[in-house]
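Undergrad: Contents of final-v4.txt (compact mmCIF, C-alpha atoms) are below:
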# COMPACT_ATOMS: atom_id res chain seq x y z
CA MET A 2 41.34 91.93 -54.56
CA ALA A 3 38.13 90.24 -55.71
CA ARG A 4 37.69 88.40 -58.96
CA MET A 5 34.58 86.40 -59.64
CA PRO A 6 34.98 82.69 -60.33
CA GLY A 7 33.34 81.74 -63.61
CA ALA A 8 33.91 85.14 -65.22
CA SER A 9 36.50 85.45 -67.97
CA TRP A 10 39.18 87.75 -66.50
CA ARG A 11 39.98 90.39 -69.11
CA PRO A 12 41.75 93.20 -67.20
CA ILE A 13 41.90 96.60 -68.85
CA PRO A 14 45.03 98.75 -68.37
CA ARG A 15 43.23 102.08 -67.93
CA ASN A 16 39.87 103.83 -67.34
CA PHE A 17 39.43 102.75 -63.72
CA THR A 18 40.55 103.92 -60.26
CA GLU A 19 42.83 101.46 -58.52
CA GLY A 20 41.66 100.72 -54.98
CA GLY A 21 38.81 103.20 -55.39
CA GLN A 22 35.81 101.02 -54.54
CA ASP A 23 34.74 102.50 -51.19
CA SER A 24 31.89 100.04 -50.57
CA VAL A 25 29.48 97.73 -52.38
CA ARG A 26 25.81 98.61 -51.93
CA GLY A 27 24.79 96.47 -54.86
CA VAL A 28 25.04 95.72 -58.55
CA VAL A 29 23.92 98.11 -61.30
CA VAL A 30 22.57 96.80 -64.61
CA HIS A 31 23.45 98.67 -67.84
CA ILE A 32 22.88 98.21 -71.58
CA MET A 33 25.90 98.62 -73.85
CA ALA A 34 24.24 100.05 -76.94
CA GLY A 35 26.73 97.79 -78.66
CA THR A 36 28.44 94.43 -78.55
CA LEU A 37 30.53 92.71 -75.89
CA VAL A 38 33.54 92.67 -78.20
CA GLY A 39 33.05 96.36 -79.01
CA SER A 40 32.84 97.31 -75.33
CA ASP A 41 35.92 95.23 -74.57
CA SER A 42 37.83 97.23 -77.17
CA TRP A 43 36.36 100.60 -76.13
CA PHE A 44 37.27 100.20 -72.46
CA ARG A 45 40.90 99.82 -73.50
CA ASN A 46 40.85 103.09 -75.43
CA PRO A 47 42.35 106.09 -73.54
CA ASP A 48 39.62 108.32 -75.00
CA ALA A 49 36.80 106.19 -73.60
CA GLN A 50 36.98 107.35 -69.98
CA ALA A 51 34.57 104.54 -69.24
CA SER A 52 34.55 100.96 -67.96
CA ALA A 53 32.50 98.43 -66.03
CA HIS A 54 33.33 95.66 -63.63
CA PHE A 55 31.47 93.01 -65.64
CA GLY A 56 29.93 92.48 -69.06
CA THR A 57 27.62 89.88 -70.56
CA GLY A 58 27.07 88.70 -74.12
CA LYS A 59 23.72 87.69 -75.52
CA ALA A 60 24.93 84.10 -75.89
CA GLY A 61 26.07 83.92 -72.25
CA ALA A 62 29.68 85.08 -72.17
CA LEU A 63 30.67 86.82 -68.91
CA TYR A 64 33.71 89.13 -68.76
CA GLN A 65 35.25 90.81 -65.75
CA TRP A 66 37.26 93.87 -66.73
CA VAL A 67 37.88 95.53 -63.36
CA ASP A 68 38.69 93.97 -60.00
CA THR A 69 35.90 94.81 -57.54
CA ALA A 70 38.45 96.35 -55.18
CA ASP A 71 38.93 98.95 -57.90
CA ARG A 72 36.42 101.57 -59.05
CA ALA A 73 35.02 101.16 -62.56
CA TRP A 74 33.77 104.24 -64.40
CA ALA A 75 30.24 103.25 -65.31
CA GLN A 76 27.74 105.42 -63.44
CA ALA A 77 29.41 108.67 -62.35
CA ALA A 78 28.49 109.40 -58.72
CA GLY A 79 27.39 105.79 -58.29
CA ASN A 80 30.82 104.34 -58.98
CA ARG A 81 32.22 104.45 -55.46
CA ALA A 82 29.51 102.27 -53.90
CA TRP A 83 28.10 100.12 -56.70
CA LEU A 84 29.45 97.39 -58.97
CA SER A 85 28.46 97.52 -62.63
CA VAL A 86 27.38 95.03 -65.30
CA GLU A 87 27.22 96.09 -68.94
CA ASN A 88 24.97 93.93 -71.12
CA GLU A 89 25.29 93.43 -74.85
CA GLY A 90 22.36 94.91 -76.74
CA GLN A 91 20.54 98.10 -77.69
CA GLY A 92 18.04 100.33 -75.92
CA GLY A 93 14.61 98.70 -76.03
CA ASP A 94 16.05 95.17 -75.91
CA MET A 95 15.26 92.60 -73.26
CA LEU A 96 18.02 90.52 -71.72
CA THR A 97 18.32 87.03 -73.14
CA ASP A 98 17.80 84.06 -70.84
CA SER A 99 21.57 83.57 -70.79
CA GLN A 100 22.13 87.20 -69.79
CA LEU A 101 19.52 86.94 -67.04
CA GLN A 102 21.38 83.95 -65.66
CA ARG A 103 24.77 85.67 -65.85
CA ASN A 104 23.47 88.77 -64.08
CA ALA A 105 22.00 86.49 -61.42
CA GLU A 106 25.40 84.84 -61.00
CA VAL A 107 27.05 88.22 -60.47
CA LEU A 108 24.40 89.25 -57.94
CA ALA A 109 24.65 85.94 -56.06
CA TRP A 110 28.44 86.31 -55.95
CA ALA A 111 28.13 89.90 -54.67
CA HIS A 112 25.73 88.59 -52.03
CA ARG A 113 28.24 85.99 -50.83
CA THR A 114 31.25 88.29 -51.11
CA TYR A 115 29.88 91.64 -49.90
CA GLY A 116 26.58 90.81 -48.25
CA VAL A 117 24.55 92.52 -50.98
CA PRO A 118 20.87 91.76 -50.24
CA LEU A 119 19.02 89.77 -52.87
CA GLN A 120 16.37 92.35 -53.69
CA VAL A 121 15.64 95.08 -56.21
CA ALA A 122 16.99 98.43 -55.01
CA SER A 123 14.43 101.21 -55.33
CA SER A 124 16.88 104.14 -55.05
CA VAL A 125 20.56 105.05 -54.91
CA ASN A 126 20.29 104.95 -51.11
CA GLY A 127 19.04 101.38 -51.17
CA ARG A 128 20.92 98.12 -51.53
CA GLY A 129 20.57 95.20 -53.90
CA LEU A 130 20.09 95.08 -57.67
CA GLY A 131 19.83 98.52 -59.25
CA TRP A 132 19.77 99.97 -62.75
CA HIS A 133 21.65 102.88 -64.28
CA GLY A 134 18.68 105.19 -64.79
CA MET A 135 17.70 105.16 -61.11
CA GLY A 136 20.62 107.50 -60.35
CA GLY A 137 19.29 110.34 -62.50
CA SER A 138 21.57 113.24 -63.32
CA ALA A 139 24.03 112.38 -60.52
CA TRP A 140 24.70 109.09 -62.28
CA GLY A 141 25.20 110.70 -65.67
CA GLY A 142 21.60 111.35 -66.67
CA HIS A 143 21.23 108.05 -68.53
CA THR A 144 17.61 107.61 -67.47
CA SER A 145 16.82 105.30 -70.41
CA CYS A 146 19.55 102.85 -69.47
CA PRO A 147 18.98 99.91 -69.52
CA GLY A 148 15.37 100.52 -70.61
CA SER A 149 11.97 99.70 -69.13
CA LYS A 150 11.88 96.17 -70.53
CA ILE A 151 15.08 95.21 -68.73
CA VAL A 152 14.03 97.03 -65.57
CA ALA A 153 10.95 94.80 -65.59
CA GLN A 154 13.29 91.78 -65.66
CA LEU A 155 15.19 92.75 -62.50
CA PRO A 156 12.91 90.74 -60.18
CA GLU A 157 13.61 87.65 -62.30
CA ILE A 158 17.37 88.20 -61.85
CA VAL A 159 16.84 88.44 -58.09
CA LYS A 160 14.77 85.25 -58.10
CA ARG A 161 17.51 83.36 -59.94
CA ALA A 162 20.19 84.79 -57.67
CA LYS A 163 18.29 83.51 -54.65
CA ALA A 164 18.20 80.04 -56.16
CA LEU A 165 21.94 80.18 -56.84
CA ALA A 166 22.63 81.39 -53.31
CA GLY A 167 20.51 78.64 -51.82
CA VAL A 168 17.91 80.96 -50.35
CA LYS A 169 14.87 78.80 -49.73
CA PRO A 170 11.39 80.18 -50.47
CA ALA A 171 9.34 81.03 -47.42
CA PRO A 172 6.38 78.78 -46.57
CA ALA A 173 3.28 79.59 -48.53
CA PRO A 174 1.07 82.12 -46.75
CA ALA A 175 -2.58 81.53 -45.97
CA PRO A 176 -4.86 81.75 -48.99
CA SER A 177 -5.72 85.28 -50.05
CA PRO A 178 -9.29 86.51 -50.45
CA ALA A 179 -10.78 86.11 -53.91
CA GLY A 180 -9.47 88.76 -56.29
CA THR A 181 -6.14 89.17 -54.46
CA TYR A 182 -2.78 87.39 -54.29
CA SER A 183 -0.39 87.36 -51.33
CA VAL A 184 3.20 87.75 -52.55
CA LYS A 185 5.54 84.92 -51.54
CA ASP A 186 9.30 85.00 -51.23
CA GLY A 187 10.85 84.79 -54.69
CA ASP A 188 7.71 85.90 -56.53
CA THR A 189 7.89 88.25 -59.49
CA LEU A 190 5.02 89.83 -61.41
CA SER A 191 5.94 87.56 -64.29
CA SER A 192 5.84 84.37 -62.21
CA ILE A 193 2.58 85.40 -60.52
CA GLY A 194 1.04 86.20 -63.89
CA LYS A 195 1.99 82.77 -65.25
CA THR A 196 0.50 81.08 -62.19
CA LEU A 197 -2.76 83.01 -62.41
CA GLY A 198 -2.98 83.23 -66.17
CA ILE A 199 -2.77 87.04 -66.12
CA LYS A 200 -0.36 89.29 -68.02
CA TRP A 201 2.22 90.83 -65.68
CA GLU A 202 1.45 94.21 -67.25
CA THR A 203 -2.19 93.79 -66.18
CA LEU A 204 -1.10 93.05 -62.60
CA ALA A 205 1.12 96.14 -62.61
CA ASP A 206 -1.75 98.30 -63.88
CA LEU A 207 -4.27 96.93 -61.37
CA ASN A 208 -1.91 97.69 -58.50
CA GLY A 209 -0.51 101.02 -59.73
CA LEU A 210 3.03 99.60 -59.98
CA LYS A 211 5.68 101.42 -61.99
CA ALA A 212 9.19 100.40 -63.00
CA PRO A 213 11.07 98.64 -61.44
CA TYR A 214 7.83 96.90 -60.39
CA VAL A 215 9.03 96.08 -56.89
CA ILE A 216 6.82 93.73 -54.88
CA ARG A 217 7.40 92.53 -51.34
CA LYS A 218 6.70 89.34 -49.46
CA GLY A 219 3.25 89.47 -47.84
CA GLN A 220 2.02 92.27 -50.12
CA LYS A 221 -1.57 91.83 -51.27
CA LEU A 222 -1.94 92.30 -55.01
CA LYS A 223 -5.24 92.88 -56.75
CA THR A 224 -5.81 90.31 -59.46
CA THR A 225 -9.16 91.53 -60.76
CA LYS A 226 -10.80 94.88 -61.18
CA ALA A 227 -13.17 95.84 -58.40
CA ALA A 228 -16.75 95.03 -59.27
CA PRO A 229 -18.67 98.14 -60.21
CA LYS A 230 -20.92 99.43 -57.50
CA PRO A 231 -24.62 98.73 -58.11
CA SER A 232 -26.26 101.50 -60.04
CA HIS A 233 -29.85 100.41 -59.48
CA ALA A 234 -32.34 102.52 -57.59
CA PRO A 235 -33.26 101.11 -54.18
CA PHE A 236 -36.89 100.29 -53.51
CA PRO A 237 -38.50 103.63 -52.54
CA GLY A 238 -41.30 102.14 -50.44
CA VAL A 239 -44.94 101.35 -51.24
CA ALA A 240 -46.14 104.87 -50.27
CA PHE A 241 -43.98 106.34 -53.07
CA PHE A 242 -46.20 104.86 -55.78
CA LYS A 243 -49.18 107.28 -55.83
CA LEU A 244 -51.09 107.73 -59.07
CA GLY A 245 -50.65 111.22 -60.49
CA LYS A 246 -47.32 111.75 -58.73
CA ARG A 247 -44.47 113.02 -60.86
CA HIS A 248 -40.88 111.77 -60.50
CA PRO A 249 -38.11 110.87 -62.97
CA LEU A 250 -37.91 107.44 -61.36
CA PHE A 251 -41.26 106.60 -62.98
CA THR A 252 -39.81 107.26 -66.42
CA ALA A 253 -36.84 105.00 -65.63
CA MET A 254 -39.20 102.31 -64.32
CA GLY A 255 -41.35 102.49 -67.43
CA LYS A 256 -38.35 102.16 -69.73
CA ARG A 257 -37.25 99.03 -67.87
CA LEU A 258 -40.75 97.57 -68.12
CA VAL A 259 -40.65 98.14 -71.88
CA ALA A 260 -37.16 96.62 -72.06
CA VAL A 261 -38.30 93.38 -70.38
CA GLY A 262 -41.27 93.07 -72.70
CA CYS A 263 -44.00 94.19 -70.28
CA GLY A 264 -44.74 97.70 -71.51
CA ARG A 265 -48.42 98.49 -71.89
CA TYR A 266 -47.94 102.10 -72.94
CA LYS A 267 -49.65 103.82 -75.83
CA VAL A 268 -47.69 107.00 -75.03
CA GLY A 269 -44.58 107.28 -72.93
CA PRO A 270 -43.54 106.14 -70.44
CA GLY A 271 -43.27 109.48 -68.66
CA ASP A 272 -42.56 110.93 -65.25
CA GLU A 273 -46.23 110.97 -64.11
CA LEU A 274 -47.38 107.69 -62.59
CA GLY A 275 -50.51 106.49 -64.43
CA GLU A 276 -52.67 103.47 -65.21
CA ALA A 277 -50.33 102.33 -68.01
CA ASP A 278 -47.56 102.04 -65.42
CA VAL A 279 -49.85 99.96 -63.20
CA GLU A 280 -50.81 97.61 -66.07
CA SER A 281 -47.18 97.30 -67.15
CA TYR A 282 -45.88 96.53 -63.68
CA GLU A 283 -48.60 93.96 -63.04
CA ALA A 284 -47.64 92.30 -66.34
CA PHE A 285 -44.04 92.20 -65.13
CA GLN A 286 -45.04 90.57 -61.83
CA ARG A 287 -47.04 87.95 -63.69
CA LYS A 288 -43.98 87.32 -65.86
CA LEU A 289 -42.02 86.65 -62.67
CA GLY A 290 -44.56 83.98 -61.78
CA TYR A 291 -46.66 85.90 -59.27
CA THR A 292 -50.39 85.11 -59.26
CA GLY A 293 -53.55 86.46 -57.65
CA ALA A 294 -53.10 89.33 -55.22
CA ALA A 295 -49.31 88.92 -55.32
CA ALA A 296 -49.28 89.99 -58.96
CA LYS A 297 -51.33 93.13 -58.32
CA TRP A 298 -50.19 96.69 -57.88
CA PRO A 299 -48.27 98.20 -56.05
CA PRO A 300 -44.63 97.06 -56.55
CA GLY A 301 -42.86 95.14 -53.79
CA PRO A 302 -39.13 95.13 -52.91
CA ALA A 303 -38.50 91.66 -54.40
CA SER A 304 -39.94 92.40 -57.85
CA TRP A 305 -38.41 95.90 -57.81
CA ALA A 306 -34.94 94.43 -57.25
CA LYS A 307 -35.45 92.11 -60.24
CA LEU A 308 -36.56 94.95 -62.49
CA GLN A 309 -33.19 96.72 -61.90
CA VAL A 310 -34.40 100.27 -62.40
CA PRO A 311 -31.35 102.54 -62.83
CA LYS A 312 -30.69 105.39 -60.43
CA VAL A 313 -31.87 108.83 -61.52
Using the file provided, produce a representation of the structure as C-alpha cells.

TA:
Amino acid sequence: MARMPGASWRPIPRNFTEGGQDSVRGVVVHIMAGTLVGSDSWFRNPDAQASAHFGTGKAGALYQWVDTADRAWAQAAGNRAWLSVENEGQGGDMLTDSQLQRNAEVLAWAHRTYGVPLQVASSVNGRGLGWHGMGGSAWGGHTSCPGSKIVAQLPEIVKRAKALAGVKPAPAPAPSPAGTYSVKDGDTLSSIGKTLGIKWETLADLNGLKAPYVIRKGQKLKTTKAAPKPSHAPFPGVAFFKLGKRHPLFTAMGKRLVAVGCGRYKVGPGDELGEADVESYEAFQRKLGYTGAAAKWPPGPASWAKLQVPKV
C-alpha cells in the first residue's frame, strides 16, 4: 500500500484494479477536460470505467484517488506500469504554477518511493515523467492529451522535482563556444531562454527539437543562426583583367562600382571589360585612399575584397 503524504486521500470504490500495479516506470501527465470536482464525481460513477491515481486543481489542490499498489484506469495499456496524474483544465491550457508544483511533488515522491528517475521519458519504454499522448493508440489514442503547451512544461516539472528531492545541480561546465550553450543539470529550454534572453521556441527551432523538447546534460545547443556563407566572388587574379575579354563577372563588378558611387559608365556596365571599367575601378581605389601607382589599374586582392563583387 502506498499513499502519498500531502495528497488529500479520496478513495474511490470502483473503476480500478486492486493490487494490479505491476511496476512503476514513471508518472504520466493528463488533462481532465474538466474540473477536479467533476473528475472526482465521474470516477465514482460505475459508467465511467476510468480513474487516475492523482489529480490536481488549478489552485493547487492535490487528490489521491487510487492507492499506487492498485492499477488506475487512465491510459489503457500504460496502466500496469505507470502512475497517472489528471490535471484540471481543458485542451490547449498550460498548467498553473501551483499545478506544476503539485506534479513535481508527485514525481519527487515516486522517485523516493519507486526509484523513478527524474527525467522526461521519451517513449513508453522509457522511465521518468511521461504524458498520455506518447502512448499512441495502445494508450487509448489520446494523442492530444495533455497538449503541446503542457508537454513543453514537463522539463520544468522535472527541474522542480529535483529541487524537492535534493538533487544538487552538477558543476557548471566549461564555457561553450560563441553561438552555443552547454546544457547543465536541471536546465530547461525555458530557463536557458531566460538566461540568454532568447525565446524557448526559438531555441527549439534552432536545434530541431520537437515535443517534449528533451535536452540532456552536456548537450550543445545552438543559440544563434549560422552566419551565411560569403557570397562574394574571390579575387580571380591580375591576369583575368584583360581589356576586351568577356565574362559575367565584369558586369557584376561594374554594378558594384556604380553602387559605391564610382561608376564612370555612359553605357552599361556590361560583360566586356573596357576603358569605362578601368576608369571606374581606379576611381574606387582612389576612394579607398590609394594614391599614385597604387590607385592605378589593374585591381588588387585587397581592393577587390572591399568591393564585395557577388558570385556569378

Undergrad: For range 152-168 of chain A, work out the shell of residues within 9 Å, counting all atoms listed in the file and skipping chain neighbours fewer than 5 positions away, then give it as a compact mmCIF listing (two decimals) with C-alpha atoms, keeping the file's coordinate frame.

TA:
# COMPACT_ATOMS: atom_id res chain seq x y z
CA VAL A 30 22.57 96.80 -64.61
CA MET A 95 15.26 92.60 -73.26
CA LEU A 96 18.02 90.52 -71.72
CA LEU A 101 19.52 86.94 -67.04
CA GLN A 102 21.38 83.95 -65.66
CA ARG A 103 24.77 85.67 -65.85
CA ASN A 104 23.47 88.77 -64.08
CA ALA A 105 22.00 86.49 -61.42
CA GLU A 106 25.40 84.84 -61.00
CA VAL A 107 27.05 88.22 -60.47
CA LEU A 108 24.40 89.25 -57.94
CA ALA A 109 24.65 85.94 -56.06
CA TRP A 110 28.44 86.31 -55.95
CA HIS A 112 25.73 88.59 -52.03
CA ARG A 113 28.24 85.99 -50.83
CA LEU A 119 19.02 89.77 -52.87
CA GLN A 120 16.37 92.35 -53.69
CA VAL A 121 15.64 95.08 -56.21
CA GLY A 129 20.57 95.20 -53.90
CA LEU A 130 20.09 95.08 -57.67
CA GLY A 131 19.83 98.52 -59.25
CA TRP A 132 19.77 99.97 -62.75
CA CYS A 146 19.55 102.85 -69.47
CA PRO A 147 18.98 99.91 -69.52
CA ASP A 186 9.30 85.00 -51.23
CA GLY A 187 10.85 84.79 -54.69
CA ASP A 188 7.71 85.90 -56.53
CA THR A 189 7.89 88.25 -59.49
CA LEU A 190 5.02 89.83 -61.41
CA SER A 191 5.94 87.56 -64.29
CA SER A 192 5.84 84.37 -62.21
CA ALA A 212 9.19 100.40 -63.00
CA PRO A 213 11.07 98.64 -61.44
CA TYR A 214 7.83 96.90 -60.39
CA VAL A 215 9.03 96.08 -56.89
CA ILE A 216 6.82 93.73 -54.88

Undergrad: Quick one: residues within 8 Å of Phe55 in chain A, all atoms listed in the file, excluding same-chain residues fewer than 4 positions away - as a list of chain:residue names?

TA: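 What passes the distance filter is A:Leu63, A:Tyr64, A:Gln65, A:Trp66, A:Val67, A:Ser85, A:Val86, A:Glu87.
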
Undergrad: Counting only C-alpha atoms, note down every residue that has an atom within 12 Å of the point (-29.2, 100.0, -57.0) (file coordinates), as a ChimeraX atom specification.

TA: /A:229-237,302,305-313

Undergrad: Tell me, in Å to one decimal, how far CA of His31 in chain A is from CA of Val184 in chain A.

TA: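 Those two atoms sit 27.6 Å apart.
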
Undergrad: Identify which of the residues A:Arg15, A:Lys297, A:Arg26, A:Arg45 lies closest to Val117 in chain A, counting all atoms listed in the file when measuring atom-to-atom distances.

TA: A:Arg26

Undergrad: Mind giving me the straight-line distance from CA of Gly148 in chain A to CA of Pro6 in chain A in Å, one decimal?

TA: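 Straight-line distance from CA of Gly148 in chain A to CA of Pro6 in chain A works out to 28.4 Å.
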
Undergrad: Between CA of Leu197 in chain A and CA of Lys185 in chain A, measure the distance and give it in Å to one decimal.

TA: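 Going from CA of Leu197 in chain A over to CA of Lys185 in chain A, I get 13.8 Å.
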
Undergrad: I'd like the contact shell of Tyr291 in chain A - 12 Å cut-off, all atoms listed in the file, skipping same-chain residues fewer than 4 positions apart - returned as a list in words.

TA: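 The residues that qualify are Tyr282, Glu283, Ala284, Phe285, Gln286, Arg287, Ala295, Ala296, Lys297, Trp298, Pro300, Gly301, Ala303 and Ser304 of chain A.
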
Undergrad: Please produce an output containing C-alpha atoms for each residue in the selection, written as a CSV table (one decimal), in the coordinates of the input.

TA:
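Output (result-v8.csv):
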chain,number,residue,atom,x,y,z
A,282,TYR,CA,-45.9,96.5,-63.7
A,283,GLU,CA,-48.6,94.0,-63.0
A,284,ALA,CA,-47.6,92.3,-66.3
A,285,PHE,CA,-44.0,92.2,-65.1
A,286,GLN,CA,-45.0,90.6,-61.8
A,287,ARG,CA,-47.0,88.0,-63.7
A,295,ALA,CA,-49.3,88.9,-55.3
A,296,ALA,CA,-49.3,90.0,-59.0
A,297,LYS,CA,-51.3,93.1,-58.3
A,298,TRP,CA,-50.2,96.7,-57.9
A,300,PRO,CA,-44.6,97.1,-56.6
A,301,GLY,CA,-42.9,95.1,-53.8
A,303,ALA,CA,-38.5,91.7,-54.4
A,304,SER,CA,-39.9,92.4,-57.8

Undergrad: With distances taken over all atoms listed in the file, which of A:Ala53, A:Ala294, A:Ala240, A:Ala8 is nearest to Ile32 in chain A?

TA: A:Ala53

Undergrad: If we count all atoms listed in the file, what is near Asp98 in chain A at a cut-off of 9 Å, once residues fewer than 5 positions away on the same chain are taken out, given as a PDB file with C-alpha atoms, in the frame of the given file?

TA:
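Saved file around00.pdb follows:
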ATOM      1  CA  LYS A  59      23.720  87.690 -75.520  1.00  0.00           C
ATOM      2  CA  ALA A  60      24.930  84.100 -75.890  1.00  0.00           C
ATOM      3  CA  GLY A  61      26.070  83.920 -72.250  1.00  0.00           C
ATOM      4  CA  ARG A 103      24.770  85.670 -65.850  1.00  0.00           C
TER       5      ARG A 103
END

Undergrad: Smallest atom-to-atom distance to Ser52 in chain A: which of A:Ile13, A:Leu250, A:Ala73, A:Val38, using all atoms listed in the file?

TA: A:Ala73

Undergrad: So which residues touch Gly20 in chain A within 7 Å, counting all atoms listed in the file, skipping near sequence neighbours fewer than 6 positions away, as a list of chain:residue names?

TA: A:Ala70, A:Asp71, A:Arg72

Undergrad: Once you count all atoms listed in the file, which residues end up no further than 10 Å from (-50.5, 109.2, -60.9) in the file's frame, shown as a PyMOL selection string?

TA: chain A and resi 242-248+251+272-279

Undergrad: Using all atoms listed in the file, find the one residue out of A:Gln22, A:Lys223, A:Gly269, A:Lys218 that sits nearest to Ile199 in chain A.

TA: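 Between A:Gln22, A:Lys223, A:Gly269, A:Lys218, the residue approaching Ile199 in chain A most closely is A:Lys223.
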
Undergrad: Any chance you could work out the axis-aligned box around range 17-22 of chain A, listed atoms only, 3 Å on each side, giving centre and edge lengths in Å to one decimal, as JSON?

TA:
{"center_x": 39.3, "center_y": 102.3, "center_z": -59.1, "size_x": 13.0, "size_y": 9.2, "size_z": 15.2}

Undergrad: Using only C-alpha atoms, find the one residue out of A:Thr97, A:Gly39, A:Asn126, A:Val28 that sits nearest to Ile151 in chain A.

TA: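 Nearest candidate to Ile151 in chain A out of A:Thr97, A:Gly39, A:Asn126, A:Val28: A:Thr97.
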